[in-house]
file input-v6.cif (mmCIF, C-alpha atoms)
data_structure
#
loop_
_atom_site.label_atom_id
_atom_site.label_comp_id
_atom_site.auth_asym_id
_atom_site.auth_seq_id
_atom_site.Cartn_x
_atom_site.Cartn_y
_atom_site.Cartn_z
CA MET A 28 134.91 77.96 60.24
CA LYS A 29 134.04 81.60 59.83
CA ARG A 30 132.47 83.13 62.94
CA PRO A 31 129.15 84.96 62.44
CA SER A 32 129.23 88.74 62.69
CA GLN A 33 126.13 88.71 64.94
CA THR A 34 125.29 86.81 68.12
CA ILE A 35 122.05 85.65 69.68
CA VAL A 36 123.48 86.43 73.13
CA ARG A 37 122.82 90.17 72.73
CA ARG A 38 119.63 91.56 74.27
CA GLU A 39 117.79 93.34 71.50
CA ALA A 40 114.83 95.71 71.73
CA ARG A 41 111.38 94.19 71.34
CA PRO A 42 109.96 94.03 67.81
CA ILE A 43 108.10 97.15 66.73
CA SER A 44 104.35 96.74 66.24
CA ALA A 45 101.63 99.16 65.24
CA SER A 46 99.24 97.19 67.41
CA ARG A 47 99.59 96.43 71.12
CA SER A 48 99.24 93.41 73.34
CA LEU A 49 95.74 93.05 74.77
CA VAL A 50 97.15 91.43 77.91
CA SER A 51 99.91 93.00 79.99
CA PRO A 52 103.25 91.32 79.22
CA ILE A 53 105.23 89.75 82.06
CA TYR A 54 108.51 91.57 82.66
CA PRO A 55 110.83 89.14 84.48
CA SER A 56 113.95 91.22 83.84
CA VAL A 57 116.17 91.88 86.86
CA ALA A 58 117.82 94.91 85.25
CA TYR A 59 116.93 97.55 82.68
CA ALA A 60 119.45 98.98 80.22
CA SER A 61 119.82 102.77 79.90
CA GLU A 62 121.21 104.77 76.98
CA SER A 63 123.97 106.48 78.94
CA PRO A 64 125.16 107.45 82.44
CA ASP A 65 123.39 110.78 81.99
CA MET A 66 120.14 109.00 81.20
CA LEU A 67 120.55 106.78 84.28
CA ASP A 68 121.15 109.88 86.41
CA SER A 69 117.99 111.43 84.99
CA GLN A 70 116.00 108.35 85.93
CA TYR A 71 117.28 108.31 89.52
CA LEU A 72 116.66 112.05 89.81
CA GLY A 73 113.08 111.55 88.65
CA GLU A 74 113.54 113.75 85.60
CA VAL A 75 112.44 110.94 83.26
CA GLU A 76 110.36 107.85 83.90
CA GLY A 77 112.06 104.48 83.72
CA TYR A 78 113.17 101.33 85.49
CA THR A 79 116.68 100.47 86.62
CA TYR A 80 116.71 97.39 88.84
CA ALA A 81 113.75 95.16 89.64
CA ARG A 82 114.15 95.49 93.41
CA GLU A 83 113.49 99.20 92.92
CA GLY A 84 110.42 98.65 90.76
CA HIS A 85 109.25 96.92 87.61
CA PRO A 86 106.39 97.38 85.13
CA ASN A 87 104.15 94.61 86.47
CA ALA A 88 104.23 96.09 89.97
CA THR A 89 103.46 99.54 88.56
CA ILE A 90 100.51 98.27 86.52
CA LEU A 91 99.02 96.48 89.53
CA ALA A 92 99.63 99.36 91.93
CA GLU A 93 97.95 101.85 89.61
CA LYS A 94 94.85 99.68 89.36
CA ILE A 95 94.56 99.34 93.14
CA ASP A 96 95.25 103.08 93.45
CA LEU A 97 92.23 103.64 91.23
CA LEU A 98 90.05 101.50 93.50
CA GLU A 99 91.31 103.18 96.68
CA GLY A 100 91.48 106.76 95.43
CA ALA A 101 95.21 106.71 96.14
CA THR A 102 98.34 107.93 94.37
CA GLY A 103 101.68 106.17 94.20
CA GLY A 104 100.73 102.95 95.97
CA LEU A 105 103.48 100.37 96.44
CA ILE A 106 103.38 96.59 95.93
CA THR A 107 105.23 94.31 98.34
CA GLY A 108 105.91 90.60 98.47
CA SER A 109 103.05 89.96 100.95
CA GLY A 110 100.46 91.72 103.06
CA MET A 111 102.64 91.30 106.15
CA ALA A 112 105.53 92.87 104.24
CA ALA A 113 103.33 95.93 103.70
CA ILE A 114 102.52 96.14 107.41
CA THR A 115 106.17 95.63 108.34
CA ALA A 116 107.17 98.39 105.93
CA LEU A 117 104.59 100.65 107.55
CA PHE A 118 106.01 100.15 111.04
CA MET A 119 109.69 100.04 110.22
CA GLY A 120 109.57 102.73 107.58
CA MET A 121 107.65 105.22 109.70
CA LEU A 122 108.55 104.48 113.34
CA SER A 123 111.70 104.74 115.44
CA ALA A 124 112.86 103.35 118.77
CA GLY A 125 110.94 105.07 121.55
CA ASP A 126 107.77 105.52 119.46
CA HIS A 127 104.51 103.92 120.53
CA VAL A 128 101.95 102.29 118.25
CA LEU A 129 98.40 101.46 119.31
CA GLY A 130 96.50 98.71 117.53
CA GLY A 131 93.08 97.16 117.55
CA ASN A 132 92.88 94.12 119.81
CA GLN A 133 91.55 91.83 117.08
CA LEU A 134 94.05 92.41 114.32
CA TYR A 135 95.15 89.59 112.04
CA GLY A 136 97.16 87.04 114.01
CA ARG A 137 100.55 87.84 112.49
CA SER A 138 99.94 91.55 112.92
CA LEU A 139 99.31 90.86 116.60
CA ARG A 140 102.53 88.88 116.86
CA LEU A 141 104.47 91.64 115.11
CA MET A 142 103.16 94.15 117.63
CA LYS A 143 103.48 92.00 120.73
CA ILE A 144 106.84 90.32 120.09
CA ASP A 145 108.81 91.78 117.21
CA LEU A 146 108.39 95.56 117.42
CA PRO A 147 109.40 95.70 121.10
CA ARG A 148 112.70 94.05 120.16
CA PHE A 149 113.46 97.17 118.13
CA GLY A 150 112.49 99.54 120.91
CA ILE A 151 109.02 100.34 119.55
CA GLU A 152 106.36 100.26 122.27
CA THR A 153 102.98 98.73 121.51
CA ASP A 154 99.56 98.34 123.08
CA LEU A 155 96.22 96.93 121.97
CA SER A 156 92.75 98.25 122.69
CA ASP A 157 89.14 97.67 121.65
CA PRO A 158 88.43 99.84 118.56
CA THR A 159 84.66 99.39 118.86
CA ASP A 160 84.83 101.69 121.92
CA ALA A 161 86.38 104.93 120.69
CA ASN A 162 86.60 106.54 124.13
CA ALA A 163 88.42 103.58 125.65
CA PHE A 164 90.66 103.27 122.60
CA LEU A 165 91.69 106.92 122.61
CA ALA A 166 92.28 106.73 126.37
CA ALA A 167 95.04 104.17 125.63
CA ILE A 168 97.04 106.78 123.68
CA LYS A 169 100.36 107.72 125.29
CA PRO A 170 102.51 110.85 124.95
CA ASN A 171 104.81 108.98 122.55
CA THR A 172 102.06 107.39 120.43
CA ARG A 173 103.03 107.92 116.82
CA MET A 174 100.65 105.63 114.95
CA ILE A 175 97.37 103.71 115.18
CA LEU A 176 96.68 100.53 113.19
CA LEU A 177 93.10 99.40 112.68
CA GLU A 178 91.06 96.96 110.65
CA VAL A 179 87.60 98.23 109.70
CA VAL A 180 86.11 94.78 110.26
CA SER A 181 88.02 92.58 112.68
CA ASN A 182 89.31 89.09 112.08
CA PRO A 183 87.60 86.75 112.86
CA THR A 184 84.74 88.13 115.00
CA LEU A 185 83.75 90.72 112.38
CA ARG A 186 83.37 93.58 114.87
CA VAL A 187 83.25 97.03 113.27
CA ALA A 188 85.69 99.66 114.53
CA ASP A 189 84.58 103.20 115.31
CA ILE A 190 86.91 104.48 112.62
CA SER A 191 85.51 108.01 112.36
CA ALA A 192 85.80 108.86 116.05
CA ILE A 193 89.21 107.24 116.43
CA THR A 194 90.65 108.94 113.34
CA LYS A 195 89.34 112.33 114.45
CA GLY A 196 90.76 111.88 117.95
CA ALA A 197 94.10 110.63 116.64
CA HIS A 198 94.57 113.52 114.23
CA GLU A 199 93.73 116.04 116.95
CA ARG A 200 96.76 114.61 118.76
CA GLY A 201 98.99 114.52 115.67
CA ILE A 202 98.92 110.73 115.41
CA LEU A 203 99.01 108.85 112.11
CA VAL A 204 96.20 106.40 111.26
CA ALA A 205 96.75 103.28 109.15
CA ILE A 206 93.89 101.04 108.00
CA ASP A 207 94.29 97.43 106.92
CA ASN A 208 91.46 97.27 104.38
CA THR A 209 91.91 93.63 103.35
CA PHE A 210 88.63 92.36 104.81
CA THR A 211 86.54 95.31 103.75
CA THR A 212 88.04 95.97 100.29
CA PRO A 213 87.67 99.30 98.46
CA PHE A 214 84.09 98.40 97.56
CA GLY A 215 83.15 98.32 101.23
CA TYR A 216 85.24 101.24 102.50
CA ARG A 217 87.91 103.60 101.20
CA PRO A 218 90.12 104.71 104.13
CA LEU A 219 91.77 107.65 102.36
CA ASP A 220 88.32 109.13 101.68
CA HIS A 221 87.83 109.15 105.46
CA ASP A 222 91.09 110.88 106.40
CA ALA A 223 93.27 107.83 107.04
CA ASP A 224 96.98 108.40 106.42
CA PHE A 225 97.74 104.91 105.07
CA VAL A 226 95.79 102.09 103.48
CA ILE A 227 97.07 98.51 103.38
CA HIS A 228 95.98 95.35 101.60
CA SER A 229 96.91 91.74 101.49
CA VAL A 230 96.45 91.52 97.73
CA THR A 231 96.71 87.76 98.21
CA LYS A 232 93.08 87.76 99.32
CA LEU A 233 89.98 89.06 97.54
CA LEU A 234 91.69 91.56 95.26
CA SER A 235 93.63 88.78 93.53
CA GLY A 236 90.95 86.25 94.33
CA HIS A 237 92.38 82.94 93.15
CA SER A 238 94.76 81.81 95.92
CA ASP A 239 97.68 81.61 93.51
CA THR A 240 99.67 84.73 94.35
CA THR A 241 101.13 86.31 97.49
CA LEU A 242 101.37 90.12 97.48
CA GLY A 243 100.77 93.23 99.57
CA TYR A 244 99.93 96.87 98.87
CA ILE A 245 100.40 100.09 100.82
CA ALA A 246 99.58 103.68 99.92
CA ALA A 247 100.27 106.87 101.85
CA ARG A 248 98.43 110.17 101.69
CA ASP A 249 101.62 112.20 102.24
CA THR A 250 104.37 112.11 99.59
CA ASP A 251 107.16 112.21 102.20
CA HIS A 252 105.62 109.19 103.91
CA ARG A 253 105.41 107.42 100.58
CA ARG A 254 109.09 108.06 99.96
CA ALA A 255 110.03 106.71 103.38
CA LEU A 256 108.01 103.56 102.71
CA TYR A 257 109.52 103.15 99.26
CA ASP A 258 113.07 103.49 100.58
CA PHE A 259 112.50 100.89 103.28
CA ILE A 260 110.80 98.45 100.91
CA VAL A 261 113.60 98.76 98.34
CA THR A 262 116.41 98.62 100.89
CA THR A 263 115.08 95.52 102.64
CA GLY A 264 114.17 93.72 99.42
CA MET A 265 110.42 93.38 99.88
CA THR A 266 110.26 93.03 96.11
CA PRO A 267 107.14 91.53 94.55
CA SER A 268 107.47 88.90 91.86
CA PRO A 269 106.56 90.15 88.36
CA PHE A 270 104.68 86.92 87.74
CA ASP A 271 102.66 87.29 90.96
CA CYS A 272 101.87 90.89 90.01
CA TRP A 273 100.72 89.70 86.59
CA LEU A 274 98.48 87.04 88.17
CA ALA A 275 97.03 89.56 90.61
CA GLU A 276 96.30 92.03 87.82
CA ARG A 277 94.49 89.29 85.94
CA GLY A 278 92.46 88.45 89.04
CA LEU A 279 91.69 92.10 89.66
CA GLN A 280 89.90 92.32 86.31
CA THR A 281 86.98 90.34 87.79
CA PHE A 282 87.11 91.78 91.31
CA ASP A 283 83.89 93.76 90.93
CA ILE A 284 81.91 90.74 89.71
CA ARG A 285 83.40 88.38 92.29
CA TYR A 286 82.86 90.80 95.16
CA GLN A 287 79.20 91.42 94.38
CA ARG A 288 78.43 87.71 94.00
CA ALA A 289 80.36 86.69 97.12
CA ALA A 290 78.77 89.43 99.24
CA ALA A 291 75.29 88.44 98.07
CA ASN A 292 76.05 84.80 98.90
CA ALA A 293 77.39 85.79 102.32
CA ARG A 294 74.17 87.59 103.24
CA LEU A 295 72.07 84.59 102.27
CA LEU A 296 74.38 82.11 104.00
CA ALA A 297 74.35 84.17 107.21
CA ASP A 298 70.55 84.18 107.21
CA ALA A 299 70.41 80.44 106.61
CA LEU A 300 72.87 79.73 109.42
CA ALA A 301 70.86 81.94 111.77
CA GLU A 302 67.82 79.76 111.15
CA ASN A 303 69.74 76.62 112.09
CA GLU A 304 68.90 75.69 115.69
CA GLN A 305 72.28 74.00 116.08
CA VAL A 306 74.12 77.27 115.49
CA GLU A 307 74.62 79.35 118.64
CA THR A 308 75.71 82.61 117.01
CA VAL A 309 76.00 84.02 113.50
CA ILE A 310 78.12 87.12 112.90
CA TYR A 311 77.59 89.23 109.79
CA PRO A 312 78.10 93.01 109.98
CA THR A 313 74.84 94.20 108.46
CA ARG A 314 72.53 91.72 110.20
CA ILE A 315 70.24 93.43 112.69
CA ASP A 316 71.56 91.22 115.51
CA HIS A 317 75.19 92.27 114.98
CA PRO A 318 76.48 94.28 117.97
CA ASP A 319 77.78 97.00 115.65
CA HIS A 320 74.87 96.91 113.20
CA ASN A 321 74.18 100.65 113.03
CA ARG A 322 77.84 101.53 112.65
CA ALA A 323 78.32 98.84 110.01
CA VAL A 324 75.41 100.07 107.92
CA ALA A 325 76.65 103.67 108.09
CA LEU A 326 80.35 102.97 107.66
CA LEU A 327 80.08 100.27 105.01
CA GLN A 328 77.14 101.86 103.16
CA GLY A 329 75.05 98.76 103.68
CA GLU A 330 77.70 96.38 102.32
CA GLY A 331 78.24 93.48 104.70
CA GLY A 332 81.09 91.97 102.71
CA HIS A 333 81.93 88.35 101.95
CA MET A 334 82.93 87.13 105.42
CA VAL A 335 80.63 85.26 107.82
CA SER A 336 81.49 83.79 111.21
CA PHE A 337 79.47 81.40 113.34
CA ARG A 338 79.74 79.39 116.52
CA ILE A 339 78.45 75.97 117.52
CA ALA A 340 78.66 74.27 120.91
CA GLY A 341 81.49 71.87 121.62
CA GLY A 342 85.25 71.51 121.64
CA ARG A 343 87.93 70.36 119.21
CA GLU A 344 86.24 67.06 118.41
CA VAL A 345 83.10 68.86 117.26
CA ALA A 346 85.26 71.18 115.15
CA ASN A 347 87.01 68.19 113.57
CA ARG A 348 83.68 66.54 112.73
CA LEU A 349 82.32 69.67 111.07
CA VAL A 350 85.35 70.08 108.82
CA LYS A 351 85.39 66.40 107.84
CA ALA A 352 81.68 66.53 107.03
CA ALA A 353 82.26 69.33 104.49
CA PRO A 354 84.97 67.86 102.23
CA LYS A 355 84.12 70.07 99.25
CA ILE A 356 84.57 73.29 101.23
CA ALA A 357 88.29 73.94 101.44
CA PHE A 358 89.51 74.02 105.05
CA ALA A 359 92.28 76.54 104.66
CA PRO A 360 93.68 79.49 106.66
CA THR A 361 93.01 82.07 103.97
CA LEU A 362 90.21 84.21 102.62
CA GLY A 363 89.10 85.81 99.39
CA ASP A 364 89.34 82.84 97.06
CA ILE A 365 86.82 82.51 94.26
CA GLY A 366 85.60 79.39 96.07
CA THR A 367 84.38 79.26 99.67
CA THR A 368 86.98 78.49 102.33
CA LEU A 369 86.47 77.55 105.96
CA SER A 370 88.82 78.61 108.73
CA HIS A 371 89.09 77.55 112.37
CA PRO A 372 90.85 80.42 114.18
CA ALA A 373 91.73 78.39 117.26
CA SER A 374 93.94 76.13 115.14
CA SER A 375 95.18 78.73 112.64
CA SER A 376 95.19 82.53 112.85
CA HIS A 377 94.84 82.68 116.67
CA ARG A 378 96.61 79.46 117.63
CA GLY A 379 99.31 81.45 119.44
CA MET A 380 96.83 82.56 122.09
CA THR A 381 95.82 80.63 125.18
CA ASP A 382 92.31 79.18 125.46
CA GLY A 383 91.49 81.93 127.92
CA GLU A 384 92.72 84.68 125.61
CA ARG A 385 90.71 83.32 122.70
CA LYS A 386 87.56 82.93 124.77
CA ALA A 387 87.93 86.51 125.99
CA LEU A 388 87.74 87.58 122.34
CA GLY A 389 84.79 85.28 121.72
CA ILE A 390 86.75 82.64 119.80
CA PRO A 391 86.17 79.20 121.41
CA GLU A 392 86.85 75.87 119.70
CA GLY A 393 83.42 75.85 118.10
CA PHE A 394 84.04 79.16 116.29
CA PHE A 395 84.42 79.15 112.49
CA ARG A 396 85.10 81.85 109.93
CA VAL A 397 83.78 81.48 106.39
CA SER A 398 85.19 83.29 103.38
CA VAL A 399 82.23 83.00 101.05
CA GLY A 400 82.87 82.39 97.37
CA VAL A 401 80.81 82.58 94.21
CA GLU A 402 79.33 79.06 94.15
CA PRO A 403 75.56 78.62 93.72
CA ILE A 404 74.16 79.59 97.12
CA ASP A 405 71.86 76.56 97.38
CA ILE A 406 74.89 74.26 97.26
CA LEU A 407 76.63 76.22 100.02
CA ILE A 408 73.62 76.29 102.30
CA ASP A 409 73.11 72.53 101.93
CA GLU A 410 76.79 71.76 102.53
CA PHE A 411 76.91 73.80 105.74
CA ALA A 412 73.63 72.38 107.00
CA THR A 413 74.94 68.84 106.48
CA ALA A 414 78.29 69.58 108.14
CA ILE A 415 76.77 71.30 111.17
CA ASN A 416 74.31 68.46 111.66
CA ALA A 417 77.11 65.88 111.50
CA ALA A 418 79.23 67.86 113.95
CA THR A 419 76.58 68.48 116.58
CA ASN A 420 74.94 65.05 116.42
CA GLY A 421 78.19 63.10 116.50
#
call {"tool": "encode", "arguments": {"input": "input-v6.cif", "output": "structure tokens"}}
result
Amino acid sequence: MKRPSQTIVRREARPISASRSLVSPIYPSVAYASESPDMLDSQYLGEVEGYTYAREGHPNATILAEKIDLLEGATGGLITGSGMAAITALFMGMLSAGDHVLGGNQLYGRSLRLMKIDLPRFGIETDLSDPTDANAFLAAIKPNTRMILLEVVSNPTLRVADISAITKGAHERGILVAIDNTFTTPFGYRPLDHDADFVIHSVTKLLSGHSDTTLGYIAARDTDHRRALYDFIVTTGMTPSPFDCWLAERGLQTFDIRYQRAAANARLLADALAENEQVETVIYPTRIDHPDHNRAVALLQGEGGHMVSFRIAGGREVANRLVKAAPKIAFAPTLGDIGTTLSHPASSSHRGMTDGERKALGIPEGFFRVSVGVEPIDILIDEFATAINAATNG
């Protein structure tokens, strides 16, 4: 039998077309072929644009990063495999043994663990302070403080940090400021517009918006800082999946619409919960009864966001009854889905704390956090009213 002169095993260039794909293609390739060693050198030297190995970058990550850059007013943002990977890259890419990092005392639970347990193992000192009190926060700075990490709106008590005063005080001391903007999103606040040095996102949440992808994002104001982050991300293999990047880009197309609808729903839900006599406290940043109301209105330009927290009386049994009485509201430790999700911090994000530590932060067993989705608001209000009634009346 005569062997064919061609083989289907060879990787050929894509077919030429005068038209283009409306949707971004998915690029699952691990490696990218170059024309010659000289061409490969030129790529690594930055003389020509191109991809070499997927751990070092791929088109789907670039497409997604550029879109988030546009939202954040950033340049050269980087996509990582998760939001916590972005925060880890920030610390490990920018800090060294002997440095000190100061964080807000109500950071995301895993960020708190990273600061309290993991960073000290590498010789990086850490402390936490209340970012709603700028004077007290800045007083916690040490001679070796290198970086500050803040969330604009805290998780889950939705307190609003005094970002302006803290950033000003930090920069006067030569300290870098990083903002985790996941809760707030670029539509609520743009950290780089307010002199932050780094902005971070868990793209998994509202930016992607469909709970089907896990990704992070980090951008640096300074190009040297960006290079340090890139080198650490590539070296440690914090590579994002091309498919996840493709999903997140698809979700990002409707971010504006989803954000506006979810934020409008959140305002109405917060007001409805506040009228419920069985609810002890409702927390929503732009409500007049929020402890940081004036700062929230100024900082967030009147945008309260899509997160609402509330508290009812009672312990774990009351919490169990409320969740069981709302079977169509997903009880899940996440936020930013197109549908509403309900979270119980005492059993999820802050489960690593003692009862006393949680109560000191205002997070007892009867505390719930709601990530409001885009459902018809009447349905949401009725579902929460029914669940709260079932929980408090046994």
call {"tool": "residues_around", "arguments": {"input": "input-v6.cif", "residues": "Ile90 (chain A)", "least_positions_apart": "3", "cutoff": "12 Å", "atoms": "all atoms listed in the file", "output": "list of chain:residue names"}}
result
A:Val50, A:Ser51, A:Pro52, A:Ile53, A:Tyr54, A:Gly84, A:His85, A:Pro86, A:Asn87, A:Glu93, A:Lys94, A:Ile95, A:Asp96, A:Leu97, A:Gly103, A:Gly104, A:Leu105, A:Ile106, A:Pro269, A:Cys272, A:Trp273, A:Leu274, A:Ala275, A:Glu276, A:Arg277, A:Leu279
call {"tool": "closest_residue", "arguments": {"input": "input-v6.cif", "among": "A:Phe118, A:Phe411, A:Tyr311, A:Tyr71", "to": "Val187 (chain A)", "atoms": "only C-alpha atoms"}}
result
A:Tyr311
call {"tool": "closest_atom_pairs", "arguments": {"input": "input-v6.cif", "of": "region 87-204 of chain A", "to": "region 366-387 of chain A", "cutoff": "8 Å", "atoms": "all atoms listed in the file", "output": "CSV"}}
result
residue,atom,partner,partner_atom,distance
A:Tyr135,CA,A:Ser376,CA,7.1
A:Gly136,CA,A:Ser376,CA,5.1
A:Arg137,CA,A:Ser376,CA,7.6
A:Pro183,CA,A:Pro372,CA,7.2
call {"tool": "residues_around", "arguments": {"input": "input-v6.cif", "residues": "Ala418 (chain A)", "least_positions_apart": "3", "cutoff": "12 Å", "atoms": "only C-alpha atoms", "output": "list of chain:residue names"}}
result
A:Gln305, A:Val306, A:Arg338, A:Ile339, A:Ala340, A:Gly341, A:Gly342, A:Arg343, A:Glu344, A:Val345, A:Ala346, A:Asn347, A:Arg348, A:Leu349, A:Val350, A:Lys351, A:Ala352, A:Ala353, A:Gly393, A:Phe411, A:Ala412, A:Thr413, A:Ala414, A:Ile415, A:Gly421
call {"tool": "resolve_selection", "arguments": {"input": "input-v6.cif", "expression": "the PyMOL selection byres ((chain A and resi 213) around 10)", "output": "number ranges by chain"}}
result
A: 95-100, 208-212, 214-218, 226, 228, 234
call {"tool": "resolve_selection", "arguments": {"input": "input-v6.cif", "expression": "the PyMOL selection byres ((chain A and resi 180) around 12)", "output": "compact mmCIF listing (two decimals) with C-alpha atoms, in the frame of the given file"}}
result
# COMPACT_ATOMS: atom_id res chain seq x y z
CA GLY A 131 93.08 97.16 117.55
CA ASN A 132 92.88 94.12 119.81
CA GLN A 133 91.55 91.83 117.08
CA LEU A 134 94.05 92.41 114.32
CA TYR A 135 95.15 89.59 112.04
CA PRO A 158 88.43 99.84 118.56
CA THR A 159 84.66 99.39 118.86
CA LEU A 177 93.10 99.40 112.68
CA GLU A 178 91.06 96.96 110.65
CA VAL A 179 87.60 98.23 109.70
CA SER A 181 88.02 92.58 112.68
CA ASN A 182 89.31 89.09 112.08
CA PRO A 183 87.60 86.75 112.86
CA THR A 184 84.74 88.13 115.00
CA LEU A 185 83.75 90.72 112.38
CA ARG A 186 83.37 93.58 114.87
CA VAL A 187 83.25 97.03 113.27
CA ALA A 188 85.69 99.66 114.53
CA ASP A 189 84.58 103.20 115.31
CA ILE A 190 86.91 104.48 112.62
CA ILE A 206 93.89 101.04 108.00
CA ASP A 207 94.29 97.43 106.92
CA ASN A 208 91.46 97.27 104.38
CA THR A 209 91.91 93.63 103.35
CA PHE A 210 88.63 92.36 104.81
CA THR A 211 86.54 95.31 103.75
CA THR A 212 88.04 95.97 100.29
CA GLY A 215 83.15 98.32 101.23
CA TYR A 216 85.24 101.24 102.50
CA ILE A 310 78.12 87.12 112.90
CA TYR A 311 77.59 89.23 109.79
CA PRO A 312 78.10 93.01 109.98
CA THR A 313 74.84 94.20 108.46
CA ASP A 319 77.78 97.00 115.65
CA HIS A 320 74.87 96.91 113.20
CA ARG A 322 77.84 101.53 112.65
CA ALA A 323 78.32 98.84 110.01
CA LEU A 326 80.35 102.97 107.66
CA LEU A 327 80.08 100.27 105.01
CA GLU A 330 77.70 96.38 102.32
CA GLY A 331 78.24 93.48 104.70
CA GLY A 332 81.09 91.97 102.71
CA HIS A 333 81.93 88.35 101.95
CA MET A 334 82.93 87.13 105.42
CA VAL A 335 80.63 85.26 107.82
CA SER A 336 81.49 83.79 111.21
call {"tool": "resolve_selection", "arguments": {"input": "input-v6.cif", "expression": "the PyMOL selection byres ((chain A and resi 193) around 8)", "output": "PyMOL selection string"}}
result
chain A and resi 158+161+164-165+189-192+194-197
call {"tool": "write_last_selection", "arguments": {"input": "input-v6.cif", "atoms": "C-alpha atoms", "output": "PDB file, in the coordinates of the input"}}
result
ATOM      1  CA  PRO A 158      88.430  99.840 118.560  1.00  0.00           C
ATOM      2  CA  ALA A 161      86.380 104.930 120.690  1.00  0.00           C
ATOM      3  CA  PHE A 164      90.660 103.270 122.600  1.00  0.00           C
ATOM      4  CA  LEU A 165      91.690 106.920 122.610  1.00  0.00           C
ATOM      5  CA  ASP A 189      84.580 103.200 115.310  1.00  0.00           C
ATOM      6  CA  ILE A 190      86.910 104.480 112.620  1.00  0.00           C
ATOM      7  CA  SER A 191      85.510 108.010 112.360  1.00  0.00           C
ATOM      8  CA  ALA A 192      85.800 108.860 116.050  1.00  0.00           C
ATOM      9  CA  THR A 194      90.650 108.940 113.340  1.00  0.00           C
ATOM     10  CA  LYS A 195      89.340 112.330 114.450  1.00  0.00           C
ATOM     11  CA  GLY A 196      90.760 111.880 117.950  1.00  0.00           C
ATOM     12  CA  ALA A 197      94.100 110.630 116.640  1.00  0.00           C
TER      13      ALA A 197
END
call {"tool": "decode", "arguments": {"input": "input-v6.cif", "residues": "region 397-408 of chain A", "atoms": "N, CA, C and O atoms", "output": "short mmCIF file (atom, residue, chain, number, x, y, z; two decimals), in the first residue's frame"}}
result
data_model
loop_
_atom_site.label_atom_id
_atom_site.label_comp_id
_atom_site.auth_asym_id
_atom_site.auth_seq_id
_atom_site.Cartn_x
_atom_site.Cartn_y
_atom_site.Cartn_z
N VAL A 397 -26.71 38.71 51.48
CA VAL A 397 -27.45 38.42 50.27
C VAL A 397 -26.73 39.04 49.07
O VAL A 397 -26.46 40.24 49.06
N SER A 398 -26.43 38.21 48.09
CA SER A 398 -25.94 38.70 46.80
C SER A 398 -27.16 38.76 45.89
O SER A 398 -27.67 37.72 45.45
N VAL A 399 -27.65 39.95 45.65
CA VAL A 399 -28.92 40.12 44.96
C VAL A 399 -28.73 39.95 43.44
O VAL A 399 -27.79 40.49 42.86
N GLY A 400 -29.64 39.20 42.85
CA GLY A 400 -29.58 38.93 41.42
C GLY A 400 -30.57 39.77 40.64
O GLY A 400 -31.00 40.84 41.09
N VAL A 401 -30.94 39.29 39.48
CA VAL A 401 -31.76 40.09 38.56
C VAL A 401 -33.20 39.60 38.46
O VAL A 401 -33.95 40.03 37.58
N GLU A 402 -33.63 38.74 39.40
CA GLU A 402 -35.01 38.26 39.38
C GLU A 402 -35.99 39.42 39.54
O GLU A 402 -35.62 40.50 40.02
N PRO A 403 -37.26 39.22 39.19
CA PRO A 403 -38.28 40.23 39.50
C PRO A 403 -38.27 40.52 41.00
O PRO A 403 -38.32 39.60 41.83
N ILE A 404 -38.22 41.77 41.38
CA ILE A 404 -38.05 42.14 42.78
C ILE A 404 -39.21 41.69 43.66
O ILE A 404 -39.02 41.35 44.83
N ASP A 405 -40.42 41.67 43.11
CA ASP A 405 -41.57 41.23 43.92
C ASP A 405 -41.40 39.80 44.39
O ASP A 405 -41.78 39.46 45.52
N ILE A 406 -40.85 38.94 43.52
CA ILE A 406 -40.61 37.56 43.90
C ILE A 406 -39.61 37.49 45.04
O ILE A 406 -39.81 36.77 46.03
N LEU A 407 -38.53 38.25 44.94
CA LEU A 407 -37.50 38.23 45.98
C LEU A 407 -38.05 38.71 47.31
O LEU A 407 -37.79 38.11 48.36
N ILE A 408 -38.76 39.81 47.30
CA ILE A 408 -39.30 40.35 48.54
C ILE A 408 -40.23 39.35 49.21
O ILE A 408 -40.16 39.12 50.43
#
